[in-house]
Amino acid sequence: MPANENTLSESLEQTSDFHSQRDSSSGSSESLEKVSNGSATAKGANGLPIDSKRAIKGRCDLSSNETMNQQGRQFHGSLPNRTLHEKFIRDFFDIVLEKAVFEGTSRNEKVVEWVEPKVLPSLVDLTLPLNGVSHEELLTLARDIIKYSVKTGHPHFINQLYSSVDPYGLVGQWLTDALNPSVYTYEVSPVFSLMENELLREMRTIVGWENGRGDGIFCPGGSLANGYAINLARHYKFPEFKEIGSSQLSRLVVFTSEDAHYSVKKLAAFLGIGTGNVYSVKVDDRGKMCVRDLESRINEALREKAVPLMVSATAGTTVLGAFDPLREIAAICKKYDMWLHVDAAWGGGALMSQKHRFLLDGVELADSITWNPHKLLAAPQQCSTLLVQHEGLLEAAHALKAAYLFQPDKFYDTAYDSGDKHIQCGRRADVLKFWFMWKAKGTSGLEKHIDRVFELSRYFTDYVRQREGWNLMLEPECTNVCFWYVPPTKRHLKGKELSDLLHKVAPIVKERMVRKGSMLVTYQSLRNLPNFFRFVLQNSGLTEADMRFFVDEIERLASDL
Ligand SMILES: *Cc1c(COP(=O)(O)O)cnc(C)c1O
């Protein structure tokens, strides 16, 4: 007998042993209780006496009577057990609902409970124990974690391009976690596989691609989506690259504006294109890409005998919220036979609104689009998509057909196995939370959300426009409003003196708001400009009173500067 047959029969024996263990342990909870009450023999499901140790082991590794009393302190299994966990999970849920969801979004509560990094470990015990802690202690830890975490759903958290706790997004996320799917095959993710297709098709329809044709994927963030776009552009032009690598290729150049998201450079480096081959295109005084400068930089690359590969235009720049002129850029891409990627990670949400979608005029001319529903549309993190006009290209560029996951001889239509379009293997279902929101609010609800955040942002802009000490940097296009605030005693300053002062004011005001916990708004410098604040909205639950609060609070925090 060949050695491998021996091994095979051995392992088959082990398998049957495993099954009999499972059978004996799959009895009612009654038999489990008897066991954990210390009776020497217990009845299996079939009524036969079974070895108690084996039953325990097969069940969930409960080791003693004490275990039950200590609410599963020594619980090693990975299965929820109603007796041990139901109350714990409900208590935990109550805490999360009360403290994180409702108190965390209450205007009467702080946005942040600031603690120095050196002090935090004395308030939240982050050390990992040899033996597990009790349920009581776990609940205390949950309270501590919530207490010292920033409440990003708080109405006064306007620090980044995401915020709020959408109730439908939240429960969608919870359901995702309870089901814990990995969306690579229809086999393990039937509903989510089809749900992704449906939702991505709808997003493409909104972009303006007929009947939602094209392709798309969910990505772990807009940065990665931009990286995918670069790889697709390269694969489109040089399909052989996938196999032979970069050594045979000419130097490829990617063009993006100086205000583009840093991920374009970062992913160009990661993909072997090199940050030096991302040519920066100038922006105008509103932060939009200068098409003339784009063309002259393309010609520069051609003179250098490099290959102009793609333009990554931005629809809603991260800081200023500017929209590049997509239609004109598309014409340039056509002229030079280049891929057009539109990074609409931030501004893509405006497409939902009949009133604001003109900002992305020409977006349908793109070869690929990054659109993050977790930003302007306020879906929970992370929810990022890459939409592609070319069918089959994602698969062509990324598929490797791993035999253990994407078996070619499956009994169902494997066109529903989307996994090989991705560079990830296991993949979280980021679709459900957004799909759930969309279902609950409808397309019209999402449109109202967008219209409301734009309306509030315009209200804020008008409110500060004429106000003493407030200086708008530019007329906002998206919901970003960038401004300087000059404290009352410094309003006589001019030129460099004023600029130096402003540069210092923003970080001080920021420190004060964090220590007080009253709000979170970010500041930054840009090119040669001194630090300025960027107010930014994605939370449509805010009110005009909140806008006035932000203004008053900044004036209060800066009153003595
Ligand atoms: C936020 C942002 C990104 C990056 O998205 P992540 O999901 O944070 O990785 C890319 N581009 C623009 C314009 C952005 O604003």
# chains A, B, ... in the order shown; residues from 1 in each chain; ligands from 1
call {"tool": "closest_atom_pairs", "arguments": {"of": "stretch 439-465 of chain A", "to": "stretch 371-378 of chain A", "cutoff": "12 Å", "atoms": "only C-alpha atoms", "output": "JSON lines"}}
result
{"residue": "A:Lys441", "atom": "CA", "partner": "A:Leu377", "partner_atom": "CA", "distance": 11.7}
{"residue": "A:Thr443", "atom": "CA", "partner": "A:Leu377", "partner_atom": "CA", "distance": 11.3}
{"residue": "A:Gly445", "atom": "CA", "partner": "A:Leu377", "partner_atom": "CA", "distance": 10.6}
{"residue": "A:Leu446", "atom": "CA", "partner": "A:Leu377", "partner_atom": "CA", "distance": 7.2}
{"residue": "A:Glu447", "atom": "CA", "partner": "A:Leu377", "partner_atom": "CA", "distance": 9.2}
{"residue": "A:Lys448", "atom": "CA", "partner": "A:Leu377", "partner_atom": "CA", "distance": 10.6}
{"residue": "A:His449", "atom": "CA", "partner": "A:Leu377", "partner_atom": "CA", "distance": 7.5}
{"residue": "A:Ile450", "atom": "CA", "partner": "A:Leu377", "partner_atom": "CA", "distance": 7.1}
{"residue": "A:Asp451", "atom": "CA", "partner": "A:Leu376", "partner_atom": "CA", "distance": 10.8}
{"residue": "A:Arg452", "atom": "CA", "partner": "A:Leu376", "partner_atom": "CA", "distance": 11.2}
{"residue": "A:Val453", "atom": "CA", "partner": "A:Leu376", "partner_atom": "CA", "distance": 8.5}
{"residue": "A:Phe454", "atom": "CA", "partner": "A:Leu376", "partner_atom": "CA", "distance": 10.0}
call {"tool": "write_last_selection", "arguments": {"atoms": "N, CA and C atoms", "output": "CSV table (one decimal), in the first residue's frame"}}
result
chain,number,residue,atom,x,y,z
A,441,LYS,N,-33.9,55.1,3.4
A,441,LYS,CA,-34.1,56.6,3.0
A,441,LYS,C,-34.5,56.7,1.6
A,443,THR,N,-33.5,56.8,-2.6
A,443,THR,CA,-32.6,57.7,-3.4
A,443,THR,C,-33.0,59.1,-3.0
A,445,GLY,N,-34.2,60.3,-0.3
A,445,GLY,CA,-33.7,60.6,1.1
A,445,GLY,C,-32.2,61.0,1.0
A,446,LEU,N,-31.4,60.2,0.3
A,446,LEU,CA,-30.0,60.5,0.1
A,446,LEU,C,-29.8,61.9,-0.5
A,447,GLU,N,-30.7,62.2,-1.5
A,447,GLU,CA,-30.6,63.5,-2.2
A,447,GLU,C,-30.9,64.6,-1.2
A,448,LYS,N,-31.9,64.4,-0.3
A,448,LYS,CA,-32.2,65.4,0.7
A,448,LYS,C,-31.1,65.6,1.6
A,449,HIS,N,-30.4,64.5,2.0
A,449,HIS,CA,-29.3,64.6,2.9
A,449,HIS,C,-28.2,65.5,2.3
A,450,ILE,N,-27.9,65.2,1.0
A,450,ILE,CA,-26.9,66.0,0.3
A,450,ILE,C,-27.3,67.5,0.3
A,451,ASP,N,-28.5,67.7,-0.1
A,451,ASP,CA,-29.0,69.1,-0.2
A,451,ASP,C,-28.9,69.8,1.1
A,452,ARG,N,-29.2,69.1,2.2
A,452,ARG,CA,-29.2,69.7,3.5
A,452,ARG,C,-27.7,70.1,3.9
A,453,VAL,N,-26.8,69.2,3.7
A,453,VAL,CA,-25.4,69.5,4.1
A,453,VAL,C,-24.9,70.7,3.3
A,454,PHE,N,-25.2,70.8,2.1
A,454,PHE,CA,-24.8,71.9,1.3
A,454,PHE,C,-25.5,73.2,1.8
call {"tool": "residues_near_ligand", "arguments": {"ligand": "ligand 1", "cutoff": "8 Å", "atoms": "only C-alpha atoms and all ligand atoms", "output": "PyMOL selection string"}}
result
chain A and resi 161+220-226+260-264+314-319+343-347+370+372+374-375+382-384
call {"tool": "select_by_dssp", "arguments": {"residues": "stretch 454-533 of chain A", "states": "strand (DSSP E or B)", "output": "list in words"}}
result
Trp470, Asn471, Leu472, Val481, Cys482, Phe483, Trp484, Tyr485, Leu520, Val521, Thr522, Tyr523, Gln524, Ser525, Leu526, Leu529, Pro530, Asn531, Phe532 and Phe533 of chain A
call {"tool": "write_last_selection", "arguments": {"atoms": "N, CA and C atoms", "output": "PDB file, in the first residue's frame"}}
result
ATOM      1  N   TRP A 470     -13.623  87.594  10.699  1.00  0.00           N
ATOM      2  CA  TRP A 470     -13.682  86.346   9.918  1.00  0.00           C
ATOM      3  C   TRP A 470     -13.298  86.613   8.467  1.00  0.00           C
ATOM      4  N   ASN A 471     -12.429  85.772   7.930  1.00  0.00           N
ATOM      5  CA  ASN A 471     -12.006  85.915   6.534  1.00  0.00           C
ATOM      6  C   ASN A 471     -12.144  84.606   5.795  1.00  0.00           C
ATOM      7  N   LEU A 472     -13.072  84.556   4.863  1.00  0.00           N
ATOM      8  CA  LEU A 472     -13.218  83.357   4.039  1.00  0.00           C
ATOM      9  C   LEU A 472     -12.033  83.286   3.086  1.00  0.00           C
ATOM     10  N   VAL A 481     -15.619  74.735   4.196  1.00  0.00           N
ATOM     11  CA  VAL A 481     -15.510  76.193   4.264  1.00  0.00           C
ATOM     12  C   VAL A 481     -14.187  76.504   4.954  1.00  0.00           C
ATOM     13  N   CYS A 482     -13.277  77.150   4.222  1.00  0.00           N
ATOM     14  CA  CYS A 482     -11.953  77.432   4.766  1.00  0.00           C
ATOM     15  C   CYS A 482     -11.875  78.905   5.143  1.00  0.00           C
ATOM     16  N   PHE A 483     -11.371  79.168   6.341  1.00  0.00           N
ATOM     17  CA  PHE A 483     -11.386  80.562   6.813  1.00  0.00           C
ATOM     18  C   PHE A 483     -10.277  80.809   7.840  1.00  0.00           C
ATOM     19  N   TRP A 484      -9.970  82.094   8.007  1.00  0.00           N
ATOM     20  CA  TRP A 484      -9.110  82.521   9.106  1.00  0.00           C
ATOM     21  C   TRP A 484      -9.964  83.304  10.086  1.00  0.00           C
ATOM     22  N   TYR A 485      -9.580  83.230  11.343  1.00  0.00           N
ATOM     23  CA  TYR A 485     -10.231  84.063  12.339  1.00  0.00           C
ATOM     24  C   TYR A 485      -9.170  84.916  13.036  1.00  0.00           C
ATOM     25  N   LEU A 520     -14.683  69.691  17.538  1.00  0.00           N
ATOM     26  CA  LEU A 520     -13.455  69.314  16.847  1.00  0.00           C
ATOM     27  C   LEU A 520     -13.548  69.792  15.409  1.00  0.00           C
ATOM     28  N   VAL A 521     -12.659  70.712  15.072  1.00  0.00           N
ATOM     29  CA  VAL A 521     -12.573  71.191  13.689  1.00  0.00           C
ATOM     30  C   VAL A 521     -11.095  71.256  13.359  1.00  0.00           C
ATOM     31  N   THR A 522     -10.734  70.982  12.127  1.00  0.00           N
ATOM     32  CA  THR A 522      -9.313  70.868  11.818  1.00  0.00           C
ATOM     33  C   THR A 522      -8.731  72.157  11.234  1.00  0.00           C
ATOM     34  N   TYR A 523      -7.408  72.231  11.258  1.00  0.00           N
ATOM     35  CA  TYR A 523      -6.722  73.355  10.601  1.00  0.00           C
ATOM     36  C   TYR A 523      -5.549  72.786   9.831  1.00  0.00           C
ATOM     37  N   GLN A 524      -5.043  73.539   8.892  1.00  0.00           N
ATOM     38  CA  GLN A 524      -3.870  73.138   8.120  1.00  0.00           C
ATOM     39  C   GLN A 524      -3.313  74.361   7.415  1.00  0.00           C
ATOM     40  N   SER A 525      -2.094  74.215   6.924  1.00  0.00           N
ATOM     41  CA  SER A 525      -1.570  75.244   6.033  1.00  0.00           C
ATOM     42  C   SER A 525      -1.683  74.684   4.623  1.00  0.00           C
ATOM     43  N   LEU A 526      -1.510  75.526   3.642  1.00  0.00           N
ATOM     44  CA  LEU A 526      -1.579  75.057   2.255  1.00  0.00           C
ATOM     45  C   LEU A 526      -0.654  75.940   1.435  1.00  0.00           C
ATOM     46  N   LEU A 529       0.333  79.561   2.412  1.00  0.00           N
ATOM     47  CA  LEU A 529      -0.662  80.228   3.247  1.00  0.00           C
ATOM     48  C   LEU A 529      -0.505  79.818   4.714  1.00  0.00           C
ATOM     49  N   PRO A 530      -0.741  80.759   5.636  1.00  0.00           N
ATOM     50  CA  PRO A 530      -0.658  80.397   7.059  1.00  0.00           C
ATOM     51  C   PRO A 530      -1.821  79.477   7.439  1.00  0.00           C
ATOM     52  N   ASN A 531      -1.690  78.826   8.573  1.00  0.00           N
ATOM     53  CA  ASN A 531      -2.727  77.911   9.068  1.00  0.00           C
ATOM     54  C   ASN A 531      -4.116  78.526   8.981  1.00  0.00           C
ATOM     55  N   PHE A 532      -5.048  77.747   8.490  1.00  0.00           N
ATOM     56  CA  PHE A 532      -6.447  78.190   8.452  1.00  0.00           C
ATOM     57  C   PHE A 532      -7.327  77.038   8.906  1.00  0.00           C
ATOM     58  N   PHE A 533      -8.555  77.360   9.289  1.00  0.00           N
ATOM     59  CA  PHE A 533      -9.499  76.325   9.700  1.00  0.00           C
ATOM     60  C   PHE A 533     -10.234  75.802   8.480  1.00  0.00           C
TER      61      PHE A 533
END
call {"tool": "residues_around", "arguments": {"residues": "A:Thr205", "least_positions_apart": "3", "cutoff": "12 Å", "atoms": "only C-alpha atoms", "output": "JSON, numbers by chain"}}
result
{"A": [198, 199, 200, 201, 202, 208, 209, 210, 211, 212, 213, 214, 215, 216, 351, 352, 363, 364, 387, 388, 389]}
call {"tool": "residues_around", "arguments": {"residues": "A:Ala330", "least_positions_apart": "4", "cutoff": "12 Å", "atoms": "only C-alpha atoms", "output": "VMD selection string"}}
result
chain A and resid 291 294 to 295 310 to 313 324 to 326 334 to 342 361 to 368
call {"tool": "write_last_selection", "arguments": {"atoms": "C-alpha atoms", "output": "PDB file, in the first residue's frame"}}
result
ATOM      1  CA  VAL A 291      -5.926  72.489 -17.800  1.00  0.00           C
ATOM      2  CA  LEU A 294      -1.806  69.892 -17.415  1.00  0.00           C
ATOM      3  CA  GLU A 295      -1.213  69.980 -21.134  1.00  0.00           C
ATOM      4  CA  MET A 310      -3.265  58.819 -16.743  1.00  0.00           C
ATOM      5  CA  VAL A 311      -4.736  61.910 -15.189  1.00  0.00           C
ATOM      6  CA  SER A 312      -6.168  61.603 -11.707  1.00  0.00           C
ATOM      7  CA  ALA A 313      -8.607  64.495 -11.510  1.00  0.00           C
ATOM      8  CA  ASP A 324     -11.461  69.906 -11.233  1.00  0.00           C
ATOM      9  CA  PRO A 325     -12.941  70.707 -14.670  1.00  0.00           C
ATOM     10  CA  LEU A 326     -13.626  67.116 -15.672  1.00  0.00           C
ATOM     11  CA  LYS A 334      -8.659  61.738 -25.270  1.00  0.00           C
ATOM     12  CA  LYS A 335      -6.179  63.827 -27.225  1.00  0.00           C
ATOM     13  CA  TYR A 336      -3.178  62.144 -25.607  1.00  0.00           C
ATOM     14  CA  ASP A 337      -4.734  58.689 -25.297  1.00  0.00           C
ATOM     15  CA  MET A 338      -4.618  58.684 -21.514  1.00  0.00           C
ATOM     16  CA  TRP A 339      -6.763  57.078 -18.833  1.00  0.00           C
ATOM     17  CA  LEU A 340      -9.011  59.459 -16.923  1.00  0.00           C
ATOM     18  CA  HIS A 341      -9.492  58.660 -13.270  1.00  0.00           C
ATOM     19  CA  VAL A 342     -11.774  60.849 -11.182  1.00  0.00           C
ATOM     20  CA  ASP A 361     -20.059  67.705 -14.960  1.00  0.00           C
ATOM     21  CA  GLY A 362     -18.298  65.307 -17.324  1.00  0.00           C
ATOM     22  CA  VAL A 363     -17.744  62.576 -14.717  1.00  0.00           C
ATOM     23  CA  GLU A 364     -19.332  60.040 -17.064  1.00  0.00           C
ATOM     24  CA  LEU A 365     -16.316  60.483 -19.364  1.00  0.00           C
ATOM     25  CA  ALA A 366     -14.049  58.908 -16.744  1.00  0.00           C
ATOM     26  CA  ASP A 367     -12.506  55.480 -17.169  1.00  0.00           C
ATOM     27  CA  SER A 368     -12.619  54.981 -13.406  1.00  0.00           C
TER      28      SER A 368
END
call {"tool": "residues_around", "arguments": {"residues": "stretch 545-560 of chain A", "least_positions_apart": "4", "cutoff": "6 Å", "atoms": "only C-alpha atoms", "output": "list in words"}}
result
Phe460, Pro487 and Val509 of chain A
call {"tool": "select_by_dssp", "arguments": {"residues": "stretch 198-248 of chain A", "states": "alpha helix (DSSP H)", "output": "VMD selection string"}}
result
chain A and resid 198 to 207 222 to 237 241 to 244
call {"tool": "write_last_selection", "arguments": {"atoms": "C-alpha atoms", "output": "compact mmCIF listing (two decimals), in the first residue's frame"}}
result
# COMPACT_ATOMS: atom_id res chain seq x y z
CA GLU A 198 -26.97 45.78 -7.38
CA LEU A 199 -25.62 48.74 -5.44
CA LEU A 200 -22.56 49.29 -7.62
CA ARG A 201 -24.76 49.16 -10.72
CA GLU A 202 -27.03 51.79 -9.20
CA MET A 203 -24.03 54.01 -8.42
CA ARG A 204 -22.83 53.66 -12.01
CA THR A 205 -26.28 54.59 -13.26
CA ILE A 206 -26.13 57.71 -11.11
CA VAL A 207 -22.70 58.49 -12.59
CA GLY A 222 -10.45 55.62 -1.20
CA SER A 223 -6.67 55.55 -1.12
CA LEU A 224 -6.65 51.94 -2.24
CA ALA A 225 -9.35 52.70 -4.80
CA ASN A 226 -7.03 55.30 -6.32
CA GLY A 227 -4.26 52.68 -6.36
CA TYR A 228 -6.54 50.26 -8.17
CA ALA A 229 -7.23 52.96 -10.75
CA ILE A 230 -3.52 53.42 -11.44
CA ASN A 231 -3.07 49.68 -11.84
CA LEU A 232 -6.06 49.46 -14.20
CA ALA A 233 -4.75 52.32 -16.32
CA ARG A 234 -1.44 50.51 -16.60
CA HIS A 235 -3.04 47.16 -17.33
CA TYR A 236 -5.24 48.71 -20.00
CA LYS A 237 -2.24 50.07 -21.85
CA PHE A 241 2.94 44.15 -17.22
CA LYS A 242 0.99 41.81 -14.94
CA GLU A 243 3.36 39.00 -15.84
CA ILE A 244 6.68 40.56 -16.75
call {"tool": "closest_residue", "arguments": {"among": "A:Leu79, A:Ile217, A:Leu493, A:Ile146", "to": "A:Thr385", "atoms": "only C-alpha atoms"}}
result
A:Ile217
call {"tool": "residues_around", "arguments": {"residues": "A:Glu455", "least_positions_apart": "6", "cutoff": "10 Å", "atoms": "only C-alpha atoms", "output": "list in words"}}
result
His449, Thr461, Thr479, Ser540 and Glu544 of chain A
call {"tool": "atom_distance", "arguments": {"atom1": "atom CA of A:Val278", "atom2": "atom CA of A:Val254"}}
result
4.7 Å
call {"tool": "closest_residue", "arguments": {"among": "A:Phe157, A:Phe358, A:Phe218, A:Trp435", "to": "A:Ser418", "atoms": "only C-alpha atoms"}}
result
A:Phe218
call {"tool": "closest_residue", "arguments": {"among": "A:Leu309, A:Phe434, A:Arg292, A:Arg286", "to": "A:Val171", "atoms": "only C-alpha atoms"}}
result
A:Phe434
call {"tool": "atom_distance", "arguments": {"atom1": "atom CA of A:Val101", "atom2": "atom CA of A:Pro155"}}
result
12.0 Å
call {"tool": "atom_distance", "arguments": {"atom1": "atom CA of A:Leu120", "atom2": "atom CA of A:Lys147"}}
result
11.2 Å
call {"tool": "closest_residue", "arguments": {"among": "A:Lys118, A:Val111, A:Val96, A:Gln173", "to": "A:Leu139", "atoms": "only C-alpha atoms"}}
result
A:Val96
call {"tool": "closest_residue", "arguments": {"among": "A:Leu123, A:Cys219, A:Leu302, A:Ile145", "to": "A:Lys99", "atoms": "only C-alpha atoms"}}
result
A:Ile145
call {"tool": "residues_around", "arguments": {"residues": "A:Ala306", "least_positions_apart": "2", "cutoff": "7 Å", "atoms": "only C-alpha atoms", "output": "VMD selection string"}}
result
chain A and resid 250 to 253 301 to 302 304 308
